[in-house]
Structure formats: C-alpha cells, structure tokens
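Engineer: The following file, entry-v9.cif, comprises mmCIF, C-alpha atoms and all ligand atoms:
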```cif
data_input
loop_
_atom_site.label_atom_id
_atom_site.label_comp_id
_atom_site.auth_asym_id
_atom_site.auth_seq_id
_atom_site.Cartn_x
_atom_site.Cartn_y
_atom_site.Cartn_z
CA MET E 1 107.10 182.57 132.45
CA ASN E 2 109.74 184.86 133.79
CA THR E 3 109.22 188.20 135.48
CA PRO E 4 108.92 190.95 132.88
CA THR E 5 111.89 193.28 132.64
CA THR E 6 111.49 195.99 135.22
CA ALA E 7 113.51 199.04 136.04
CA THR E 8 112.33 198.79 139.65
CA LYS E 9 113.71 195.36 140.50
CA ARG E 10 115.53 195.21 143.82
CA ASP E 11 118.63 193.20 144.75
CA LEU E 12 120.15 192.16 148.07
CA LEU E 13 123.90 192.44 147.53
CA SER E 14 124.79 194.06 150.84
CA LEU E 15 122.86 195.34 153.84
CA LEU E 16 122.95 198.84 152.40
CA ASP E 17 120.31 197.64 149.92
CA LEU E 18 117.82 197.70 152.81
CA THR E 19 116.63 200.68 154.84
CA THR E 20 116.31 200.38 158.61
CA GLU E 21 112.53 200.34 158.21
CA GLU E 22 112.73 197.55 155.61
CA ILE E 23 114.91 195.44 157.91
CA HIS E 24 112.34 195.77 160.71
CA ARG E 25 109.54 194.79 158.29
CA LEU E 26 111.58 191.82 157.09
CA PHE E 27 112.03 190.65 160.69
CA ALA E 28 108.29 191.03 161.39
CA ARG E 29 107.47 188.91 158.33
CA THR E 30 110.14 186.38 159.33
CA GLY E 31 108.37 185.96 162.67
CA GLU E 32 105.05 185.37 160.90
CA LEU E 33 106.53 182.85 158.47
CA LYS E 34 108.30 180.98 161.26
CA ALA E 35 105.12 180.83 163.36
CA ALA E 36 103.06 179.63 160.38
CA LEU E 37 105.56 176.86 159.65
CA LYS E 38 105.59 175.74 163.29
CA ALA E 39 101.76 175.73 163.30
CA GLY E 40 101.72 173.60 160.14
CA GLN E 41 100.05 176.35 158.07
CA ALA E 42 101.04 176.41 154.41
CA VAL E 43 102.15 179.75 152.96
CA HIS E 44 102.37 179.56 149.17
CA THR E 45 103.18 183.13 148.26
CA LEU E 46 105.77 182.06 145.65
CA SER E 47 103.67 179.52 143.82
CA GLY E 48 104.99 179.07 140.27
CA ARG E 49 108.18 181.05 140.97
CA THR E 50 111.70 179.73 140.48
CA LEU E 51 115.01 180.69 142.06
CA ALA E 52 118.33 179.87 140.38
CA MET E 53 121.09 179.26 142.94
CA VAL E 54 124.58 179.64 141.46
CA PHE E 55 127.37 178.31 143.68
CA GLU E 56 131.07 178.93 143.03
CA LYS E 57 131.94 177.81 146.58
CA PRO E 58 130.70 174.94 148.79
CA SER E 59 127.66 175.35 151.06
CA THR E 60 125.49 173.41 153.48
CA ARG E 61 123.23 175.99 155.18
CA THR E 62 122.78 178.47 152.34
CA ARG E 63 121.94 175.85 149.76
CA VAL E 64 119.58 173.81 151.92
CA SER E 65 117.80 176.78 153.51
CA PHE E 66 117.19 178.59 150.20
CA GLU E 67 116.07 175.42 148.45
CA THR E 68 113.79 174.37 151.29
CA GLY E 69 112.48 177.92 151.68
CA MET E 70 111.46 178.12 148.02
CA TYR E 71 109.74 174.73 148.28
CA GLN E 72 107.85 175.75 151.43
CA LEU E 73 106.65 178.94 149.73
CA GLY E 74 105.22 176.92 146.84
CA GLY E 75 108.08 177.69 144.44
CA HIS E 76 111.06 175.85 143.09
CA ALA E 77 114.83 176.25 143.41
CA LEU E 78 117.54 175.10 141.02
CA PHE E 79 120.98 174.23 142.40
CA LEU E 80 123.59 175.27 139.84
CA SER E 81 127.23 174.58 140.51
CA SER E 82 129.19 177.09 138.44
CA LYS E 83 131.55 174.24 137.48
CA GLU E 84 128.67 172.45 135.78
CA MET E 85 127.49 175.62 134.02
CA GLN E 86 128.95 177.27 130.94
CA LEU E 87 129.95 179.98 133.43
CA GLY E 88 132.66 177.54 134.54
CA ARG E 89 133.90 177.32 130.94
CA GLY E 90 134.17 181.06 130.56
CA GLU E 91 130.68 182.21 129.54
CA GLU E 92 130.44 185.84 130.61
CA ILE E 93 128.58 186.60 133.84
CA SER E 94 126.69 189.33 131.97
CA ASP E 95 125.47 186.80 129.36
CA SER E 96 124.60 184.21 132.02
CA ALA E 97 122.64 186.87 133.90
CA ARG E 98 120.58 187.78 130.85
CA VAL E 99 119.85 184.15 129.99
CA LEU E 100 118.92 183.09 133.55
CA SER E 101 116.60 186.12 133.75
CA ARG E 102 114.60 184.70 130.84
CA TYR E 103 113.86 181.52 132.84
CA VAL E 104 113.70 182.30 136.53
CA ASN E 105 112.27 184.91 138.91
CA GLY E 106 115.36 185.41 141.06
CA ILE E 107 119.04 184.49 141.20
CA MET E 108 121.00 183.70 144.33
CA VAL E 109 124.77 183.75 143.87
CA ARG E 110 127.63 182.54 146.06
CA THR E 111 130.85 183.76 144.54
CA PHE E 112 134.40 184.98 145.12
CA ALA E 113 134.86 188.62 143.98
CA HIS E 114 131.95 190.84 145.02
CA GLU E 115 132.30 192.46 141.61
CA ASN E 116 130.86 189.23 140.11
CA LEU E 117 127.64 189.86 142.02
CA LEU E 118 127.53 193.48 140.92
CA THR E 119 127.88 192.34 137.29
CA MET E 120 125.19 189.68 137.73
CA ALA E 121 122.85 192.28 139.25
CA ARG E 122 123.61 194.85 136.57
CA TYR E 123 122.67 192.52 133.71
CA ALA E 124 119.95 190.41 135.36
CA THR E 125 116.42 191.69 134.97
CA VAL E 126 115.33 189.70 138.04
CA PRO E 127 116.42 190.24 141.66
CA VAL E 128 119.88 189.00 142.65
CA ILE E 129 120.60 187.83 146.20
CA ASN E 130 124.09 187.59 147.68
CA GLY E 131 124.54 184.12 149.18
CA LEU E 132 128.10 185.12 150.23
CA SER E 133 130.91 186.87 148.42
CA ASP E 134 134.48 187.58 149.50
CA ASP E 135 133.17 190.90 150.85
CA PHE E 136 129.71 190.32 152.35
CA HIS E 137 127.23 187.77 153.70
CA PRO E 138 124.04 189.80 154.23
CA CYS E 139 121.57 186.89 154.63
CA GLN E 140 123.73 185.57 157.49
CA ILE E 141 123.82 188.79 159.46
CA LEU E 142 120.11 189.50 159.00
CA THR E 143 119.61 186.03 160.45
CA ASP E 144 122.03 186.61 163.33
CA ILE E 145 120.25 189.80 164.32
CA PHE E 146 116.81 188.20 164.02
CA THR E 147 118.11 185.41 166.28
CA PHE E 148 119.54 187.86 168.81
CA GLN E 149 116.24 189.71 168.95
CA GLU E 150 114.25 186.47 169.43
CA HIS E 151 116.35 185.74 172.52
CA ARG E 152 117.07 189.19 173.92
CA GLY E 153 114.82 191.82 172.31
CA PRO E 154 115.91 194.84 170.24
CA ILE E 155 119.57 194.96 169.28
CA ALA E 156 119.61 198.78 169.25
CA GLY E 157 121.87 200.07 172.01
CA ARG E 158 123.43 196.64 172.64
CA LYS E 159 127.10 195.72 172.37
CA VAL E 160 128.26 193.10 169.85
CA ALA E 161 131.85 191.76 169.99
CA TRP E 162 133.40 190.26 166.88
CA ILE E 163 136.54 188.21 167.51
CA GLY E 164 138.94 187.22 164.73
CA ASP E 165 139.14 187.97 161.02
CA GLY E 166 137.87 191.22 159.51
CA ASN E 167 136.23 189.15 156.77
CA ASN E 168 133.00 189.06 154.72
CA VAL E 169 130.86 188.21 157.76
CA ALA E 170 132.53 190.97 159.82
CA HIS E 171 131.86 193.41 156.96
CA SER E 172 128.17 192.57 157.06
CA TRP E 173 128.13 193.14 160.82
CA ILE E 174 129.68 196.55 160.16
CA LEU E 175 126.97 197.53 157.69
CA ALA E 176 124.29 196.14 160.01
CA ALA E 177 125.56 198.38 162.81
CA ALA E 178 125.11 201.35 160.49
CA ARG E 179 121.46 200.43 159.95
CA LEU E 180 120.40 199.20 163.40
CA GLY E 181 121.99 201.43 166.04
CA PHE E 182 124.12 199.01 168.05
CA HIS E 183 127.73 199.16 169.22
CA LEU E 184 130.10 196.86 167.35
CA VAL E 185 133.61 196.19 168.61
CA LEU E 186 135.90 194.07 166.45
CA ALA E 187 139.07 192.51 167.89
CA VAL E 188 141.36 191.59 165.01
CA PRO E 189 145.09 190.84 164.72
CA PRO E 190 147.33 193.19 162.71
CA GLY E 191 146.91 192.69 158.98
CA PHE E 192 143.39 191.23 159.28
CA GLU E 193 141.40 194.42 159.78
CA PRO E 194 138.11 194.92 157.95
CA LYS E 195 138.46 196.84 154.67
CA ALA E 196 138.87 200.57 155.28
CA GLN E 197 136.37 201.25 152.50
CA VAL E 198 133.65 199.26 154.29
CA LEU E 199 134.33 201.01 157.62
CA GLU E 200 134.30 204.36 155.88
CA ARG E 201 131.01 203.65 154.13
CA ALA E 202 129.39 202.50 157.38
CA LYS E 203 130.55 205.63 159.17
CA GLN E 204 129.11 207.80 156.39
CA GLU E 205 125.77 206.00 156.71
CA ILE E 206 125.78 206.46 160.48
CA ALA E 207 126.36 210.19 160.03
CA THR E 208 123.82 210.60 157.21
CA HIS E 209 121.05 208.83 159.10
CA ASP E 210 122.08 210.17 162.51
CA MET E 211 122.29 206.65 163.97
CA ALA E 212 123.43 206.05 167.55
CA SER E 213 125.76 203.27 166.33
CA THR E 214 129.48 202.96 167.01
CA ILE E 215 132.06 200.77 165.30
CA THR E 216 135.43 200.20 166.96
CA VAL E 217 138.35 198.13 165.72
CA LEU E 218 140.92 197.07 168.31
CA ARG E 219 143.40 194.27 169.01
CA ASN E 220 142.51 192.82 172.39
CA PRO E 221 139.69 190.21 172.50
CA GLN E 222 139.23 190.72 176.29
CA GLU E 223 138.66 194.41 175.74
CA ALA E 224 136.23 193.72 172.91
CA VAL E 225 134.02 191.33 174.89
CA ALA E 226 133.89 193.41 178.11
CA GLY E 227 130.19 194.06 178.76
CA ALA E 228 129.13 192.54 175.41
CA ASP E 229 125.58 191.25 174.88
CA LEU E 230 126.70 189.05 172.00
CA VAL E 231 130.06 187.46 171.20
CA THR E 232 130.55 186.17 167.68
CA THR E 233 133.33 184.80 165.53
CA ASP E 234 134.00 182.94 162.28
CA ALA E 235 136.56 180.69 160.63
CA TRP E 236 140.12 182.01 160.55
CA THR E 237 140.46 180.81 156.97
CA SER E 238 137.57 181.62 154.67
CA MET E 239 136.72 179.76 151.47
CA GLY E 240 139.30 180.60 148.84
CA GLN E 241 142.06 181.36 151.39
CA GLU E 242 143.11 177.77 152.03
CA LYS E 243 146.72 178.44 151.01
CA GLU E 244 147.02 180.90 153.92
CA THR E 245 145.80 178.43 156.56
CA LYS E 246 149.13 178.04 158.42
CA ARG E 247 149.88 181.77 158.48
CA ARG E 248 146.37 182.47 159.73
CA GLN E 249 146.47 179.81 162.46
CA LYS E 250 149.55 181.57 163.81
CA ALA E 251 148.12 185.09 163.53
CA PHE E 252 144.81 184.17 165.19
CA ALA E 253 146.22 181.95 167.96
CA ASN E 254 145.10 184.41 170.68
CA TYR E 255 141.66 184.91 169.14
CA CYS E 256 139.92 181.72 170.24
CA VAL E 257 136.54 182.23 171.90
CA ASP E 258 136.80 180.03 174.97
CA GLN E 259 134.93 179.95 178.28
CA THR E 260 137.42 182.36 179.89
CA LEU E 261 136.77 184.93 177.17
CA MET E 262 132.99 184.41 177.35
CA GLY E 263 133.29 184.99 181.10
CA LYS E 264 134.37 188.57 180.43
CA ALA E 265 131.18 189.37 178.49
CA LYS E 266 127.84 190.08 180.20
CA ALA E 267 126.61 187.14 182.28
CA ASP E 268 123.70 186.63 179.86
CA ALA E 269 125.74 187.21 176.68
CA LEU E 270 124.90 185.00 173.72
CA PHE E 271 127.44 183.26 171.49
CA MET E 272 126.94 183.00 167.72
CA HIS E 273 128.87 181.53 164.81
CA CYS E 274 127.67 181.44 161.20
CA LEU E 275 129.12 177.91 160.88
CA PRO E 276 130.90 175.81 159.76
CA ALA E 277 132.93 175.98 162.99
CA HIS E 278 136.47 174.74 163.50
CA ARG E 279 136.32 173.41 167.04
CA GLY E 280 139.50 174.21 168.94
CA GLU E 281 140.46 177.03 166.55
CA GLU E 282 138.18 180.09 166.60
CA VAL E 283 135.89 178.54 169.24
CA THR E 284 136.12 175.76 171.79
CA SER E 285 133.54 172.96 171.89
CA GLU E 286 132.77 174.08 175.44
CA VAL E 287 131.47 177.42 174.14
CA LEU E 288 129.91 176.11 170.93
CA ASP E 289 127.95 173.44 172.82
CA GLY E 290 127.54 175.52 175.97
CA PRO E 291 124.47 177.25 177.44
CA GLN E 292 125.24 180.66 175.93
CA SER E 293 125.50 179.32 172.38
CA VAL E 294 122.51 179.81 170.07
CA VAL E 295 124.25 178.53 166.94
CA TRP E 296 121.59 175.94 166.07
CA ASP E 297 118.77 178.49 166.34
CA GLU E 298 120.94 180.78 164.23
CA ALA E 299 121.37 178.07 161.58
CA GLU E 300 117.62 177.30 161.59
CA ASN E 301 116.70 180.95 161.24
CA ARG E 302 118.51 181.18 157.90
CA LEU E 303 115.46 179.37 156.53
CA HIS E 304 112.89 181.73 158.04
CA VAL E 305 114.76 184.99 157.30
CA GLN E 306 115.49 183.98 153.69
CA LYS E 307 111.83 183.07 153.13
CA ALA E 308 110.98 186.65 154.08
CA ILE E 309 113.73 187.90 151.73
CA LEU E 310 112.44 185.70 148.90
CA GLU E 311 108.87 186.95 149.38
CA TRP E 312 110.07 190.56 149.46
CA LEU E 313 112.05 190.22 146.23
CA LEU E 314 110.20 187.55 144.22
CA ALA E 315 106.51 187.70 145.13
N1 LIG E 401 126.84 180.01 157.22
C1 LIG E 401 126.82 179.60 155.94
O1 LIG E 401 126.62 180.39 154.99
O2 LIG E 401 126.97 178.26 155.80
P1 LIG E 401 127.21 177.47 154.44
O3 LIG E 401 128.58 177.82 153.94
O4 LIG E 401 127.09 176.03 154.84
O5 LIG E 401 126.15 177.87 153.45
N1 LIG E 402 133.91 183.66 156.24
C1 LIG E 402 133.46 182.34 155.84
C2 LIG E 402 131.98 182.21 156.04
C3 LIG E 402 131.41 180.86 155.71
C4 LIG E 402 129.94 180.80 155.82
C5 LIG E 402 133.86 182.10 154.39
O1 LIG E 402 133.73 183.02 153.58
O2 LIG E 402 134.31 181.00 154.08
#
```
Spit out the file's structure as structure tokens when you get a sec.
Structural biologist:
Amino acid sequence: MNTPTTATKRDLLSLLDLTTEEIHRLFARTGELKAALKAGQAVHTLSGRTLAMVFEKPSTRTRVSFETGMYQLGGHALFLSSKEMQLGRGEEISDSARVLSRYVNGIMVRTFAHENLLTMARYATVPVINGLSDDFHPCQILTDIFTFQEHRGPIAGRKVAWIGDGNNVAHSWILAAARLGFHLVLAVPPGFEPKAQVLERAKQEIATHDMASTITVLRNPQEAVAGADLVTTDAWTSMGQEKETKRRQKAFANYCVDQTLMGKAKADALFMHCLPAHRGEEVTSEVLDGPQSVVWDEAENRLHVQKAILEWLLA
C-alpha cells in the first residue's frame, strides 16, 4: 500500500523547506531517537513503510544511514542505482516519480542538477528528500548543526567559518544561517564563490524573518576563522567535477585547514567535515584526527537526524 495522493505532502529539497521552529522540533526528536537507540529501546514508527533511495552518485554515509534508519524505525529501504533503473536508460524523471509513488512512501534522491529533484518532487505524490544535489545537501547541514549543539549548545549567535569551495554543502550552510541566527563567514578563492542566487535568497529570508544572522564571503582563511566556534570544510573537487581536479588543487592550495589555521579560531572551536575527506588537501590528518575534530560524531548523527526527518515526512 502506498500513501494516498495528498496535496499536503512535504518535501525536504533545501533547508528553506523547514521553518526555524520545525528545525528545533526536528532536533528535539533527533535527541529522543538517539537516546532510545542507545538505551536499546525499539521505536517502530515507520512499520510497514518503504523508502526508495535513488542514487546517481556514489555514497557511503547517506546510503547506509538512510537504509539503517528505515530498518531501525520498522520500515524498509530500497537502494536503487539510477544506472540499474530505466531512469538510466532515459525514462523520464516525471514518469519514474509517478511510478515510484505507487509503491513506496518516500523517495530519497542523490542527483546532479538540483532541477532533477524539483521535477521528482513535482510529480511524486510522496515526500522527496534531497540526499545531495549539485546545489544543496540539507540532511548533512541539519546533522552538522545538531552535532555542534550536542557539543556546544545553541548555534544562534555563534561564528561558523567555512573554508574552501562555495559548493553544495556551503550553500546549505548559507540557508541554515538564514534559519538559525548564526554568523557564517566563507573564505573562498576567486571563481569558487557560492552562487549569488543562493546568497541573495538567504539574505531575503534573513530580512523577512528579522533574523540576527550574517553571511560574509571573503578570501582570507585566517580572517574567516578568527574567533570562530566552528571551522568546517569539504572536498575541493565534488562528485561530477573530477575533470577539474588539477585546476582546483591549484586554486585551493592556500585553503587547507591545518593546525596553524585551527589555532586562529577560538581555543574550544570544533572542526567538522561532511566526509569523505582528502587528507593533506582540504584538511590535514592532524586536524581530522585531532582533539577539536568531531567528524565521527558528525557522521554518526546522520543516522539520528535522518530518522527524525523520515518520521516527520513518512509517518
Ligand atoms: N557526507 C556524505 O553525504 O557522505 P556520502 O557521500 O558517503 O553519502
Ligand atoms: N561537496 C561534496 C560532498 C560530498 C558528501 C560533493 O558533492 O561531492
């Protein structure tokens, strides 16, 4: 049985699909689900429900955390590589969306163009979750903020420094700042700025909701990390950009998060990375494995945060 067609279905395509209040509720539920799991208490709120997971790009964390999360909630997840689907032979996304909606209760998609997700969501009659597109990675940033708050308390009013590429993960940090009232400073080399449209949209949201957030884009990593509560970075070459690897290695050479750079942040600053990391490129092993790094907690929390997302959308 699939969910009946509903005009009120919700999707999670970017962080703008959630209100500030909904993000706080999601985090509260994440805490409950995590505690229940650690205490060995079963929570089967998605019994009989199925999630289709469509992957056009590789994944370790997203695939395993969604699949395990569905299992732990009493449901089932289907791993679907787009190459093995008719989608990979040219079946329209709109047709695939309508067909999948007749079988499953939710669809998670990892894709290239964000437009693919918008099409999937437009034609699916069940919720669609963004498991990463070229533009956004909302589940990752919800997790990063949940992780920050577990270690340091509310993120509102804090300073977050992003070092490196103005990519999909950076875009989600930008939208998160608009919702959660923190100060985001991004240090990026020329030509690798976040999309102007994303910055513009975030600034509009900040103004509309009268948030005390600021978003600054600059060049100098030292300046970005000064007084930061959290330093974060990501791969210089994202999935799908492999042909640009050499050019990017050159452009980002001064954007490695090493111990000297971490030393310019607050003494108790945390380090995060969505992973996979490229040791010796965007981050040194000393930082990744060092005392300020919370990357393994961050990776674990994908499971707990996504369980709360799945309950919210599929229960
Ligand atoms: N951080 C993240 O999304 O990892 P995967 O690419 O392994 O899913
Ligand atoms: N920016 C990276 C994130 C990987 C989780 C990519 O898109 O490949």
Engineer: Excluding Ala265 (chain E) and any residue of its chain fewer than 4 positions from it, enumerate the residues within 12 Å of it, using all atoms listed in the file, and give them as a list in words.
Structural biologist: Lys159, Val160, Ala161, Trp162, Pro221, Gln222, Glu223, Ala224, Val225, Ala226, Gly227, Ala228, Asp229, Leu230, Val231, Thr232, Val257, Asp258, Gln259, Thr260, Leu261, Ala269, Leu270, Phe271 and Gln292 of chain E
Engineer: Contacts of region 91-98 of chain E at 7 Å or less, counting only C-alpha atoms, minus same-chain residues fewer than 5 places along, as a compact mmCIF listing (two decimals) with C-alpha atoms, keeping the file's coordinate frame?
Structural biologist:
```txt
# COMPACT_ATOMS: atom_id res chain seq x y z
CA GLN E 86 128.95 177.27 130.94
CA THR E 119 127.88 192.34 137.29
CA MET E 120 125.19 189.68 137.73
CA TYR E 123 122.67 192.52 133.71
CA ALA E 124 119.95 190.41 135.36
```
Engineer: Name each residue within 7 Å of ligand LIG 402 (chain E), counting only C-alpha atoms and all ligand atoms, as a PyMOL selection string.
Structural biologist: chain E and resi 132+134+167-169+234-235+237-239+274-276
Engineer: Check which residues fall inside 9 Å of ligand LIG 401 (chain E) when counting only C-alpha atoms and all ligand atoms, and print them as a list of chain:residue names.
Structural biologist: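 Checking only C-alpha atoms and all ligand atoms against ligand LIG 401 (chain E) at 9 Å gives E:Lys57, E:Pro58, E:Ser59, E:Thr60, E:Arg61, E:Thr62, E:Arg63, E:Val64, E:Ser65, E:Arg110, E:Gly131, E:Leu132, E:His137, E:Cys139, E:Gln140, E:Met239, E:His273, E:Cys274, E:Leu275, E:Pro276, E:Ala299, E:Arg302.
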Engineer: What is the CA of Thr68 (chain E)-CA of Asp289 (chain E) distance in Å, reported with one decimal?
Structural biologist: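 Going from CA of Thr68 (chain E) over to CA of Asp289 (chain E), I get 25.8 Å.
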Engineer: In Å, how far is it from CA of Gln197 (chain E) to CA of Leu142 (chain E)?
Structural biologist: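 Result for CA of Gln197 (chain E) versus CA of Leu142 (chain E): 21.1 Å, one decimal.
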Engineer: Which of these, E:Pro189, E:Gly31, E:Gly153, E:Gly75, has the shortest distance to Leu310 (chain E) once you count all atoms listed in the file?
Structural biologist: E:Gly75
Engineer: Write only C-alpha atoms for region 285-296 of chain E from the block just shown, as a PDB file, in the first residue's frame.
Structural biologist:
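Output saved as part-v1.pdb:
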```pdb
ATOM      1  CA  SER E 285      45.329  14.363   9.302  1.00  0.00           C
ATOM      2  CA  GLU E 286      46.496  16.270  12.378  1.00  0.00           C
ATOM      3  CA  VAL E 287      43.252  18.281  12.398  1.00  0.00           C
ATOM      4  CA  LEU E 288      40.948  15.499  11.209  1.00  0.00           C
ATOM      5  CA  ASP E 289      42.225  13.118  13.902  1.00  0.00           C
ATOM      6  CA  GLY E 290      42.895  15.852  16.453  1.00  0.00           C
ATOM      7  CA  PRO E 291      41.065  16.777  19.670  1.00  0.00           C
ATOM      8  CA  GLN E 292      38.933  19.510  18.085  1.00  0.00           C
ATOM      9  CA  SER E 293      37.564  17.228  15.372  1.00  0.00           C
ATOM     10  CA  VAL E 294      34.055  15.808  15.842  1.00  0.00           C
ATOM     11  CA  VAL E 295      33.816  14.251  12.382  1.00  0.00           C
ATOM     12  CA  TRP E 296      32.917  10.755  13.617  1.00  0.00           C
TER      13      TRP E 296
END
```
